[in-house]
file data-v1.txt (compact mmCIF, C-alpha atoms)
# COMPACT_ATOMS: atom_id res chain seq x y z
CA MET F 1151 -21.39 -13.64 -7.58
CA SER F 1152 -19.29 -15.35 -4.88
CA GLY F 1153 -16.33 -13.80 -3.11
CA THR F 1154 -13.86 -15.96 -5.03
CA GLU F 1155 -15.35 -14.97 -8.40
CA THR F 1156 -15.22 -11.29 -7.42
CA ALA F 1157 -11.59 -11.64 -6.31
CA ASP F 1158 -10.68 -13.18 -9.66
CA LEU F 1159 -11.81 -9.99 -11.38
CA LEU F 1160 -9.10 -7.99 -9.59
CA VAL F 1161 -6.29 -8.76 -12.03
CA GLY F 1162 -4.18 -5.71 -11.14
CA PHE F 1163 -2.42 -7.65 -8.40
CA THR F 1164 0.62 -9.55 -9.65
CA GLU F 1165 2.54 -12.20 -7.80
CA PRO F 1166 6.19 -11.40 -6.96
CA LEU F 1167 8.70 -13.00 -9.31
CA LEU F 1168 10.69 -14.12 -6.26
CA PRO F 1169 10.29 -13.81 -2.48
CA PHE F 1170 11.98 -10.63 -1.27
CA SER F 1171 14.72 -12.45 0.68
CA TYR F 1172 15.68 -14.47 -2.41
CA LEU F 1173 15.66 -11.35 -4.57
CA ALA F 1174 17.91 -9.46 -2.14
CA VAL F 1175 20.48 -12.26 -1.99
CA LEU F 1176 20.40 -12.71 -5.77
CA THR F 1177 21.03 -9.00 -6.31
CA LEU F 1178 23.89 -8.88 -3.81
CA VAL F 1179 25.57 -11.86 -5.50
CA VAL F 1180 24.91 -11.26 -9.20
CA LEU F 1181 26.23 -7.70 -9.51
CA PRO F 1182 29.70 -8.29 -7.99
CA VAL F 1183 29.96 -11.50 -10.03
CA ALA F 1184 29.07 -9.52 -13.18
CA ALA F 1185 31.85 -7.04 -12.39
CA PHE F 1186 34.34 -9.89 -11.97
CA LEU F 1187 33.25 -11.60 -15.18
CA GLY F 1188 33.51 -8.34 -17.08
CA PHE F 1189 37.02 -7.87 -15.71
CA ARG F 1190 38.09 -11.38 -16.76
CA VAL F 1191 36.73 -10.89 -20.29
CA GLY F 1192 38.49 -7.54 -20.43
CA GLN F 1193 41.80 -9.11 -19.41
CA ILE F 1194 41.63 -11.45 -22.40
CA ALA F 1195 40.96 -8.53 -24.72
CA TYR F 1196 43.72 -6.48 -23.06
CA ARG F 1197 46.34 -9.17 -23.70
CA ARG F 1198 45.28 -9.33 -27.32
CA ARG F 1199 45.56 -5.56 -27.67
CA GLN F 1200 48.99 -5.60 -26.04
CA ASN F 1201 50.14 -8.03 -28.66
CA ASN F 1202 48.91 -5.56 -31.27
CA HIS F 1203 50.70 -2.73 -29.50
CA VAL F 1204 47.52 -0.83 -28.64
CA GLN F 1205 47.94 1.64 -25.77
CA PRO F 1206 45.66 1.25 -22.72
CA GLU F 1207 44.41 4.82 -23.00
CA GLN F 1208 43.15 3.96 -26.49
CA ALA F 1209 40.83 1.28 -25.15
CA PRO F 1210 37.32 1.82 -26.56
CA GLY F 1211 34.13 2.05 -24.56
CA ALA F 1212 34.43 5.24 -22.51
CA THR F 1213 31.55 6.98 -24.28
CA SER F 1214 29.36 3.87 -24.23
CA LEU F 1215 30.03 3.32 -20.52
CA GLY F 1216 29.17 6.92 -19.67
CA ALA F 1217 25.91 6.75 -21.63
CA MET F 1218 25.06 3.40 -20.06
CA LEU F 1219 25.61 4.66 -16.50
CA ALA F 1220 23.57 7.78 -17.24
CA LEU F 1221 20.70 5.66 -18.54
CA LEU F 1222 20.93 3.38 -15.51
CA GLY F 1223 20.81 6.38 -13.17
CA LEU F 1224 17.70 7.63 -14.95
CA LEU F 1225 15.99 4.25 -14.66
CA LEU F 1226 16.84 3.91 -10.98
CA GLY F 1227 15.68 7.45 -10.27
CA PHE F 1228 12.28 6.92 -11.89
CA ALA F 1229 11.89 3.50 -10.25
CA PHE F 1230 12.73 4.84 -6.78
CA SER F 1231 10.36 7.78 -7.16
CA SER F 1232 7.50 5.54 -8.33
CA ALA F 1233 8.05 2.89 -5.65
CA LEU F 1234 8.26 5.50 -2.87
CA GLY F 1235 5.12 7.28 -4.09
CA TRP F 1236 3.10 4.08 -4.32
CA ARG F 1237 4.31 2.95 -0.90
CA GLU F 1238 3.11 6.24 0.61
CA GLU F 1239 -0.20 5.85 -1.23
CA ARG F 1240 -0.69 2.36 0.22
CA GLN F 1241 0.06 3.67 3.70
CA GLY F 1242 -2.32 6.58 3.24
CA ALA F 1243 -5.05 4.28 1.92
CA MET F 1244 -4.82 2.12 5.05
CA VAL F 1245 -5.03 5.16 7.34
CA ARG F 1246 -8.05 6.50 5.44
CA GLU F 1247 -9.76 3.13 5.57
CA ALA F 1248 -9.14 2.83 9.32
CA ALA F 1249 -10.62 6.32 9.80
CA ALA F 1250 -13.67 5.41 7.68
CA ILE F 1251 -14.24 2.21 9.68
CA SER F 1252 -13.94 4.10 12.96
CA THR F 1253 -16.42 6.75 11.74
CA ALA F 1254 -18.93 4.09 10.65
CA PHE F 1255 -18.62 2.35 14.01
CA LEU F 1256 -19.17 5.57 15.97
CA THR F 1257 -22.05 6.70 13.73
CA ALA F 1258 -23.79 3.40 14.44
CA ASN F 1259 -24.25 4.67 18.00
CA LEU F 1260 -27.01 6.91 16.63
CA VAL F 1261 -29.37 3.95 16.21
CA ASP F 1262 -31.01 1.96 18.97
CA ASP F 1263 -30.39 -1.60 20.02
CA PRO F 1264 -30.51 -4.34 18.88
CA GLY F 1265 -29.61 -2.80 15.52
CA ARG F 1266 -26.73 -0.78 16.98
CA THR F 1267 -24.91 -3.74 18.49
CA ASP F 1268 -25.50 -5.94 15.43
CA LEU F 1269 -24.15 -3.29 13.07
CA GLN F 1270 -21.12 -2.50 15.22
CA SER F 1271 -20.33 -6.20 15.54
CA GLN F 1272 -20.44 -6.62 11.77
CA ILE F 1273 -18.21 -3.57 11.28
CA LEU F 1274 -15.69 -5.02 13.76
CA ALA F 1275 -15.73 -8.41 12.03
CA TYR F 1276 -15.17 -6.66 8.70
CA ALA F 1277 -12.26 -4.59 10.06
CA GLN F 1278 -10.57 -7.76 11.30
CA THR F 1279 -10.44 -9.02 7.69
CA ARG F 1280 -8.67 -5.86 6.49
CA ILE F 1281 -5.22 -6.74 7.82
CA ALA F 1282 -3.30 -8.95 5.40
CA SER F 1283 -0.31 -11.00 6.41
CA PRO F 1284 2.71 -11.57 4.13
CA ALA F 1285 1.33 -15.03 3.35
CA ASP F 1286 -1.89 -13.45 2.04
CA ILE F 1287 -0.10 -11.81 -0.91
CA ARG F 1288 2.52 -14.44 -1.60
CA THR F 1289 0.44 -16.21 -4.25
CA ARG F 1290 -2.62 -15.42 -6.31
CA THR F 1291 -4.56 -18.16 -4.51
CA ALA F 1292 -3.73 -16.71 -1.09
CA TRP F 1293 -4.65 -13.21 -2.28
CA ASN F 1294 -8.03 -14.47 -3.54
CA ALA F 1295 -8.66 -16.20 -0.21
CA PHE F 1296 -7.90 -12.96 1.65
CA LEU F 1297 -10.26 -10.97 -0.59
CA GLU F 1298 -12.94 -13.63 -0.25
CA ARG F 1299 -12.91 -13.21 3.55
CA THR F 1300 -13.31 -9.46 3.13
CA PHE F 1301 -16.09 -9.75 0.56
CA GLU F 1302 -17.98 -12.24 2.72
CA ALA F 1303 -17.83 -9.80 5.62
CA GLN F 1304 -18.94 -6.98 3.30
CA THR F 1305 -22.04 -8.84 2.15
CA LYS F 1306 -23.33 -8.90 5.73
CA ILE F 1307 -22.81 -5.20 6.47
CA TRP F 1308 -25.34 -3.55 4.18
CA PRO F 1309 -28.33 -5.78 5.11
CA THR F 1310 -27.46 -5.23 8.76
CA THR F 1311 -27.28 -1.47 8.11
CA MET F 1312 -30.70 -1.43 6.47
CA GLN F 1313 -32.16 -3.35 9.39
CA ALA F 1314 -30.53 -1.04 11.94
CA ILE F 1315 -31.75 2.21 10.37
CA GLY F 1316 -35.28 0.98 9.72
CA GLY F 1317 -38.28 1.46 11.93
CA SER F 1318 -38.59 4.67 13.90
CA THR F 1319 -35.12 6.03 13.07
CA SER F 1320 -35.30 9.59 11.76
CA ASP F 1321 -34.27 10.47 8.21
CA PRO F 1322 -31.13 12.46 9.22
CA ILE F 1323 -29.88 9.51 11.27
CA ARG F 1324 -30.59 7.10 8.43
CA ALA F 1325 -28.64 9.31 6.03
CA ALA F 1326 -25.69 9.72 8.42
CA VAL F 1327 -25.38 5.99 9.14
CA ALA F 1328 -25.82 4.96 5.49
CA ARG F 1329 -23.27 7.54 4.32
CA SER F 1330 -20.66 6.44 6.87
CA VAL F 1331 -21.08 2.79 5.89
CA THR F 1332 -20.81 3.51 2.17
CA ASP F 1333 -17.72 5.65 2.80
CA MET F 1334 -16.20 2.69 4.64
CA LEU F 1335 -16.89 0.36 1.73
CA ASP F 1336 -15.52 2.91 -0.75
CA ALA F 1337 -12.31 3.13 1.32
CA HIS F 1338 -11.87 -0.62 0.78
CA THR F 1339 -12.05 -0.11 -2.99
CA LEU F 1340 -9.51 2.70 -2.88
CA ARG F 1341 -7.15 0.61 -0.79
CA LEU F 1342 -7.35 -2.27 -3.25
CA ALA F 1343 -6.50 0.13 -6.06
CA ALA F 1344 -3.48 1.41 -4.11
CA ALA F 1345 -2.30 -2.13 -3.35
CA ALA F 1346 -2.33 -3.01 -7.06
CA GLU F 1347 0.01 -0.14 -7.94
CA GLN F 1348 3.56 -1.43 -8.27
CA ILE F 1349 6.43 -1.49 -10.71
CA PRO F 1350 5.47 -4.03 -13.39
CA PRO F 1351 7.62 -7.21 -13.31
CA PRO F 1352 8.96 -6.61 -16.86
CA ALA F 1353 10.17 -3.16 -15.77
CA LYS F 1354 11.87 -4.64 -12.71
CA LEU F 1355 13.56 -7.23 -14.90
CA MET F 1356 14.71 -4.51 -17.30
CA ILE F 1357 16.26 -2.49 -14.44
CA PHE F 1358 17.97 -5.60 -13.08
CA LEU F 1359 19.42 -6.54 -16.47
CA ALA F 1360 20.51 -2.95 -17.14
CA SER F 1361 22.37 -2.94 -13.82
CA VAL F 1362 24.07 -6.26 -14.59
CA VAL F 1363 25.17 -5.08 -18.03
CA ALA F 1364 26.40 -1.73 -16.69
CA ILE F 1365 28.51 -3.26 -13.91
CA PHE F 1366 29.83 -5.87 -16.38
CA VAL F 1367 31.01 -3.04 -18.67
CA VAL F 1368 32.59 -1.22 -15.71
CA GLY F 1369 34.67 -4.30 -14.88
CA ASN F 1370 35.48 -4.84 -18.53
CA ARG F 1371 36.60 -1.25 -19.02
CA THR F 1372 38.86 -1.50 -15.97
CA ALA F 1373 40.68 -4.49 -17.46
CA LEU F 1374 40.96 -2.90 -20.91
CA GLN F 1375 42.80 0.03 -19.32
CA GLY F 1376 45.31 -2.36 -17.79
CA LYS F 1377 44.14 -1.69 -14.23
CA ALA F 1378 43.52 -4.15 -11.42
CA LEU F 1379 40.04 -4.97 -10.15
CA THR F 1380 40.15 -2.86 -6.99
CA TRP F 1381 37.64 -2.48 -4.18
CA HIS F 1382 36.26 0.63 -5.87
CA VAL F 1383 34.54 -1.44 -8.56
CA LEU F 1384 33.21 -3.95 -6.04
CA ALA F 1385 32.04 -1.11 -3.78
CA PHE F 1386 30.14 0.39 -6.71
CA ALA F 1387 28.56 -3.01 -7.41
CA GLY F 1388 27.58 -3.31 -3.75
CA LEU F 1389 26.10 0.20 -3.64
CA LEU F 1390 24.15 -0.46 -6.82
CA SER F 1391 22.83 -3.67 -5.26
CA VAL F 1392 21.67 -1.82 -2.14
CA VAL F 1393 19.86 0.82 -4.22
CA MET F 1394 18.04 -1.86 -6.21
CA ILE F 1395 17.11 -3.78 -3.06
CA VAL F 1396 15.63 -0.61 -1.51
CA ILE F 1397 13.56 -0.03 -4.65
CA PHE F 1398 12.25 -3.59 -4.61
CA ASP F 1399 11.61 -3.28 -0.87
CA LEU F 1400 9.54 -0.11 -1.29
CA ASP F 1401 7.56 -1.74 -4.07
CA ARG F 1402 6.29 -4.56 -1.84
CA ALA F 1403 3.42 -3.79 0.49
CA LEU F 1404 3.98 -6.44 3.17
CA GLU F 1405 7.36 -8.05 2.53
CA GLY F 1406 10.79 -6.69 3.34
CA SER F 1407 11.76 -4.08 5.92
CA MET F 1408 9.54 -1.24 4.65
CA ARG F 1409 6.13 -2.82 5.08
CA VAL F 1410 2.99 -0.74 5.34
CA ASN F 1411 2.45 0.03 9.01
CA PRO F 1412 -0.86 -1.51 10.19
CA ASP F 1413 -0.81 0.19 13.62
CA THR F 1414 -3.66 2.57 12.74
CA MET F 1415 -5.94 -0.30 11.72
CA LEU F 1416 -4.92 -2.39 14.74
CA ALA F 1417 -5.64 0.53 17.07
CA THR F 1418 -9.05 1.03 15.44
CA ILE F 1419 -9.91 -2.64 15.89
CA ARG F 1420 -8.83 -2.55 19.52
CA GLU F 1421 -10.93 0.55 20.22
CA MET F 1422 -14.00 -1.10 18.70
CA GLU F 1423 -13.44 -4.28 20.71
CA THR F 1424 -13.15 -2.25 23.89
CA ALA F 1425 -16.31 -0.28 23.09
CA LEU F 1426 -18.33 -3.46 22.50
CA GLU F 1427 -16.98 -5.04 25.67
CA ASN F 1428 -17.93 -1.99 27.72
CA ALA F 1429 -21.39 -1.90 26.15
CA ALA F 1430 -21.96 -5.55 27.04
CA GLU F 1431 -21.18 -4.97 30.74
call {"tool": "encode", "arguments": {"input": "data-v1.txt", "output": "structure tokens"}}
result
Amino acid sequence: MSGTETADLLVGFTEPLLPFSYLAVLTLVVLPVAAFLGFRVGQIAYRRRQNNHVQPEQAPGATSLGAMLALLGLLLGFAFSSALGWREERQGAMVREAAAISTAFLTANLVDDPGRTDLQSQILAYAQTRIASPADIRTRTAWNAFLERTFEAQTKIWPTTMQAIGGSTSDPIRAAVARSVTDMLDAHTLRLAAAAEQIPPPAKLMIFLASVVAIFVVGNRTALQGKALTWHVLAFAGLLSVVMIVIFDLDRALEGSMRVNPDTMLATIREMETALENAAE
């Protein structure tokens, strides 16, 4: 099975509905506009009620608005908790994978050359494929290409490991090197599983629509009570927008301002490069 075919089996990864920058701007614009539209619709209803001599304090909707805001708060709370937990899991998975790669590289020192250098070079080449750029997850095709590079590097590691630990290498050394390499490959699987964990797009759409409807009703209720559309309503719409943007930001591994920090992996790669350069001198 080729790398591309293997990558196609990993269906847990879903493409973003929109790039993060577009989503942030859309959220910041749509919610205040929804509040304004709700207010305008409410003004029409308020004039009609005035003609029927209905008092502003008798305007309906207080109970519905309270229940709607409570439901929205619950949805946002669960979404924030899930996004934050999965973001921390992705970060932890990268740190664990970097540690596993470093351990495999150091354990390879137990075998003699030329097997040692060949194995360490393959481990370094593999580690260099484990840092994804934002472009690598932007589309399904780019994601498959990224995984294909990793899988191609993986296919070379185990044969090189078997060659390195063959011959006169003792059984304890064989076991230690083989175990460290398999732990490194397992860390890749765990990291892929962590990367696939995100709020499903239908759930994100539901939260977005619930926020739009809730802020629309807030504006509508303000007009039905005969009040002006003050900065308080717009401030609430802006705050709600910021909360949603933070949730969407946490949910994305490489986009936005809360990307997974690759410093641990970069430091591991640099240490391996330095070790190979020193060994070659």
call {"tool": "closest_residue", "arguments": {"input": "data-v1.txt", "among": "F:Asn1370, F:Thr1279, F:Asn1428, F:Thr1213", "to": "Glu1302 of chain F", "atoms": "all atoms listed in the file"}}
result
F:Thr1279
call {"tool": "residues_around", "arguments": {"input": "data-v1.txt", "residues": "Phe1189 of chain F", "least_positions_apart": "2", "cutoff": "6 Å", "atoms": "only C-alpha atoms", "output": "ChimeraX atom specification"}}
result
/F:1186-1187,1191-1192,1369-1370,1373
call {"tool": "residues_near_point", "arguments": {"input": "data-v1.txt", "point": "(-1.4, -1.1, 8.4)", "cutoff": "10 Å", "atoms": "only C-alpha atoms", "output": "PyMOL selection string"}}
result
chain F and resi 1240-1245+1247-1248+1280-1282+1403-1404+1409-1417
call {"tool": "residues_around", "arguments": {"input": "data-v1.txt", "residues": "Ala1275 of chain F", "least_positions_apart": "6", "cutoff": "12 Å", "atoms": "all atoms listed in the file", "output": "list in words"}}
result
Ile1251, Phe1255, Asp1268, Leu1269, Ile1281, Arg1299, Thr1300, Phe1301, Glu1302, Ala1303, Gln1304, Thr1305, Lys1306, Ile1307, Ile1419, Arg1420, Met1422, Glu1423 and Leu1426 of chain F
call {"tool": "closest_residue", "arguments": {"input": "data-v1.txt", "among": "F:Ala1295, F:Ile1273, F:Leu1222, F:Val1392", "to": "Ser1252 of chain F", "atoms": "all atoms listed in the file"}}
result
F:Ile1273
call {"tool": "residues_around", "arguments": {"input": "data-v1.txt", "residues": "Trp1236 of chain F", "least_positions_apart": "5", "cutoff": "12 Å", "atoms": "all atoms listed in the file", "output": "list in words"}}
result
Ala1229, Phe1230, Ser1231, Gln1241, Gly1242, Ala1243, Arg1341, Ala1343, Ala1344, Ala1345, Ala1346, Glu1347, Gln1348, Ile1349, Ile1397, Phe1398, Asp1399, Leu1400, Asp1401, Arg1402, Ala1403 and Val1410 of chain F
call {"tool": "write_last_selection", "arguments": {"input": "data-v1.txt", "atoms": "C-alpha atoms", "output": "CSV table (one decimal), keeping the file's coordinate frame"}}
result
chain,number,residue,atom,x,y,z
F,1229,ALA,CA,11.9,3.5,-10.2
F,1230,PHE,CA,12.7,4.8,-6.8
F,1231,SER,CA,10.4,7.8,-7.2
F,1241,GLN,CA,0.1,3.7,3.7
F,1242,GLY,CA,-2.3,6.6,3.2
F,1243,ALA,CA,-5.0,4.3,1.9
F,1341,ARG,CA,-7.2,0.6,-0.8
F,1343,ALA,CA,-6.5,0.1,-6.1
F,1344,ALA,CA,-3.5,1.4,-4.1
F,1345,ALA,CA,-2.3,-2.1,-3.4
F,1346,ALA,CA,-2.3,-3.0,-7.1
F,1347,GLU,CA,0.0,-0.1,-7.9
F,1348,GLN,CA,3.6,-1.4,-8.3
F,1349,ILE,CA,6.4,-1.5,-10.7
F,1397,ILE,CA,13.6,0.0,-4.6
F,1398,PHE,CA,12.2,-3.6,-4.6
F,1399,ASP,CA,11.6,-3.3,-0.9
F,1400,LEU,CA,9.5,-0.1,-1.3
F,1401,ASP,CA,7.6,-1.7,-4.1
F,1402,ARG,CA,6.3,-4.6,-1.8
F,1403,ALA,CA,3.4,-3.8,0.5
F,1410,VAL,CA,3.0,-0.7,5.3
call {"tool": "atom_distance", "arguments": {"input": "data-v1.txt", "atom1": "atom CA of Arg1371 of chain F", "atom2": "atom CA of Val1396 of chain F"}}
result
27.3 Å
call {"tool": "atom_distance", "arguments": {"input": "data-v1.txt", "atom1": "atom CA of Ser1361 of chain F", "atom2": "atom CA of Val1175 of chain F"}}
result
15.2 Å
call {"tool": "residues_around", "arguments": {"input": "data-v1.txt", "residues": "Val1261 of chain F", "least_positions_apart": "3", "cutoff": "10 Å", "atoms": "all atoms listed in the file", "output": "PyMOL selection string"}}
result
chain F and resi 1257-1258+1264-1267+1269+1311+1314-1316+1318-1320+1323-1324+1327
call {"tool": "write_last_selection", "arguments": {"input": "data-v1.txt", "atoms": "C-alpha atoms", "output": "PDB file, in the frame of the given file"}}
result
ATOM      1  CA  THR F1257     -22.050   6.700  13.730  1.00  0.00           C
ATOM      2  CA  ALA F1258     -23.790   3.400  14.440  1.00  0.00           C
ATOM      3  CA  PRO F1264     -30.510  -4.340  18.880  1.00  0.00           C
ATOM      4  CA  GLY F1265     -29.610  -2.800  15.520  1.00  0.00           C
ATOM      5  CA  ARG F1266     -26.730  -0.780  16.980  1.00  0.00           C
ATOM      6  CA  THR F1267     -24.910  -3.740  18.490  1.00  0.00           C
ATOM      7  CA  LEU F1269     -24.150  -3.290  13.070  1.00  0.00           C
ATOM      8  CA  THR F1311     -27.280  -1.470   8.110  1.00  0.00           C
ATOM      9  CA  ALA F1314     -30.530  -1.040  11.940  1.00  0.00           C
ATOM     10  CA  ILE F1315     -31.750   2.210  10.370  1.00  0.00           C
ATOM     11  CA  GLY F1316     -35.280   0.980   9.720  1.00  0.00           C
ATOM     12  CA  SER F1318     -38.590   4.670  13.900  1.00  0.00           C
ATOM     13  CA  THR F1319     -35.120   6.030  13.070  1.00  0.00           C
ATOM     14  CA  SER F1320     -35.300   9.590  11.760  1.00  0.00           C
ATOM     15  CA  ILE F1323     -29.880   9.510  11.270  1.00  0.00           C
ATOM     16  CA  ARG F1324     -30.590   7.100   8.430  1.00  0.00           C
ATOM     17  CA  VAL F1327     -25.380   5.990   9.140  1.00  0.00           C
TER      18      VAL F1327
END
call {"tool": "closest_residue", "arguments": {"input": "data-v1.txt", "among": "F:Phe1386, F:Phe1358, F:Phe1366, F:Trp1381", "to": "Ala1174 of chain F", "atoms": "all atoms listed in the file"}}
result
F:Phe1358
call {"tool": "residues_around", "arguments": {"input": "data-v1.txt", "residues": "Ser1214 of chain F", "least_positions_apart": "6", "cutoff": "12 Å", "atoms": "all atoms listed in the file", "output": "VMD selection string"}}
result
chain F and resid 1220 to 1221 1363 to 1364 1367 to 1368 1371
call {"tool": "closest_residue", "arguments": {"input": "data-v1.txt", "among": "F:Ala1326, F:Val1393, F:Leu1342, F:Ala1254", "to": "Trp1293 of chain F", "atoms": "only C-alpha atoms"}}
result
F:Leu1342
call {"tool": "decode", "arguments": {"input": "data-v1.txt", "residues": "segment 1321-1340 of chain F", "atoms": "N, CA and C atoms", "output": "PDB file, in the first residue's frame"}}
result
ATOM      1  N   ASP F1321      21.717  -9.447  22.204  1.00  0.00           N
ATOM      2  CA  ASP F1321      20.251  -9.449  22.304  1.00  0.00           C
ATOM      3  C   ASP F1321      19.707  -8.258  23.100  1.00  0.00           C
ATOM      4  N   PRO F1322      20.279  -7.887  24.243  1.00  0.00           N
ATOM      5  CA  PRO F1322      19.756  -6.714  24.964  1.00  0.00           C
ATOM      6  C   PRO F1322      19.805  -5.435  24.138  1.00  0.00           C
ATOM      7  N   ILE F1323      20.864  -5.270  23.358  1.00  0.00           N
ATOM      8  CA  ILE F1323      20.964  -4.067  22.526  1.00  0.00           C
ATOM      9  C   ILE F1323      19.929  -4.114  21.413  1.00  0.00           C
ATOM     10  N   ARG F1324      19.755  -5.289  20.812  1.00  0.00           N
ATOM     11  CA  ARG F1324      18.727  -5.421  19.778  1.00  0.00           C
ATOM     12  C   ARG F1324      17.360  -5.041  20.331  1.00  0.00           C
ATOM     13  N   ALA F1325      17.050  -5.557  21.517  1.00  0.00           N
ATOM     14  CA  ALA F1325      15.740  -5.286  22.115  1.00  0.00           C
ATOM     15  C   ALA F1325      15.575  -3.798  22.429  1.00  0.00           C
ATOM     16  N   ALA F1326      16.613  -3.164  22.960  1.00  0.00           N
ATOM     17  CA  ALA F1326      16.524  -1.748  23.324  1.00  0.00           C
ATOM     18  C   ALA F1326      16.326  -0.872  22.090  1.00  0.00           C
ATOM     19  N   VAL F1327      17.086  -1.145  21.033  1.00  0.00           N
ATOM     20  CA  VAL F1327      16.973  -0.338  19.816  1.00  0.00           C
ATOM     21  C   VAL F1327      15.619  -0.564  19.154  1.00  0.00           C
ATOM     22  N   ALA F1328      15.203  -1.823  19.036  1.00  0.00           N
ATOM     23  CA  ALA F1328      13.914  -2.122  18.395  1.00  0.00           C
ATOM     24  C   ALA F1328      12.764  -1.498  19.176  1.00  0.00           C
ATOM     25  N   ARG F1329      12.822  -1.574  20.512  1.00  0.00           N
ATOM     26  CA  ARG F1329      11.747  -1.002  21.326  1.00  0.00           C
ATOM     27  C   ARG F1329      11.679   0.512  21.174  1.00  0.00           C
ATOM     28  N   SER F1330      12.820   1.184  21.143  1.00  0.00           N
ATOM     29  CA  SER F1330      12.813   2.644  21.010  1.00  0.00           C
ATOM     30  C   SER F1330      12.271   3.073  19.649  1.00  0.00           C
ATOM     31  N   VAL F1331      12.582   2.305  18.622  1.00  0.00           N
ATOM     32  CA  VAL F1331      12.086   2.647  17.277  1.00  0.00           C
ATOM     33  C   VAL F1331      10.583   2.417  17.199  1.00  0.00           C
ATOM     34  N   THR F1332      10.106   1.306  17.742  1.00  0.00           N
ATOM     35  CA  THR F1332       8.659   1.068  17.710  1.00  0.00           C
ATOM     36  C   THR F1332       7.904   2.085  18.557  1.00  0.00           C
ATOM     37  N   ASP F1333       8.483   2.507  19.671  1.00  0.00           N
ATOM     38  CA  ASP F1333       7.846   3.559  20.475  1.00  0.00           C
ATOM     39  C   ASP F1333       7.748   4.856  19.684  1.00  0.00           C
ATOM     40  N   MET F1334       8.773   5.145  18.889  1.00  0.00           N
ATOM     41  CA  MET F1334       8.754   6.352  18.064  1.00  0.00           C
ATOM     42  C   MET F1334       7.642   6.278  17.014  1.00  0.00           C
ATOM     43  N   LEU F1335       7.493   5.119  16.396  1.00  0.00           N
ATOM     44  CA  LEU F1335       6.443   4.965  15.386  1.00  0.00           C
ATOM     45  C   LEU F1335       5.057   4.991  16.025  1.00  0.00           C
ATOM     46  N   ASP F1336       4.931   4.422  17.222  1.00  0.00           N
ATOM     47  CA  ASP F1336       3.649   4.486  17.932  1.00  0.00           C
ATOM     48  C   ASP F1336       3.290   5.921  18.296  1.00  0.00           C
ATOM     49  N   ALA F1337       4.290   6.736  18.647  1.00  0.00           N
ATOM     50  CA  ALA F1337       4.038   8.140  18.985  1.00  0.00           C
ATOM     51  C   ALA F1337       3.456   8.888  17.794  1.00  0.00           C
ATOM     52  N   HIS F1338       3.870   8.502  16.578  1.00  0.00           N
ATOM     53  CA  HIS F1338       3.297   9.110  15.372  1.00  0.00           C
ATOM     54  C   HIS F1338       1.811   8.798  15.259  1.00  0.00           C
ATOM     55  N   THR F1339       1.435   7.546  15.547  1.00  0.00           N
ATOM     56  CA  THR F1339       0.029   7.163  15.493  1.00  0.00           C
ATOM     57  C   THR F1339      -0.800   7.932  16.507  1.00  0.00           C
ATOM     58  N   LEU F1340      -0.271   8.063  17.720  1.00  0.00           N
ATOM     59  CA  LEU F1340      -0.989   8.792  18.763  1.00  0.00           C
ATOM     60  C   LEU F1340      -1.136  10.266  18.403  1.00  0.00           C
TER      61      LEU F1340
END
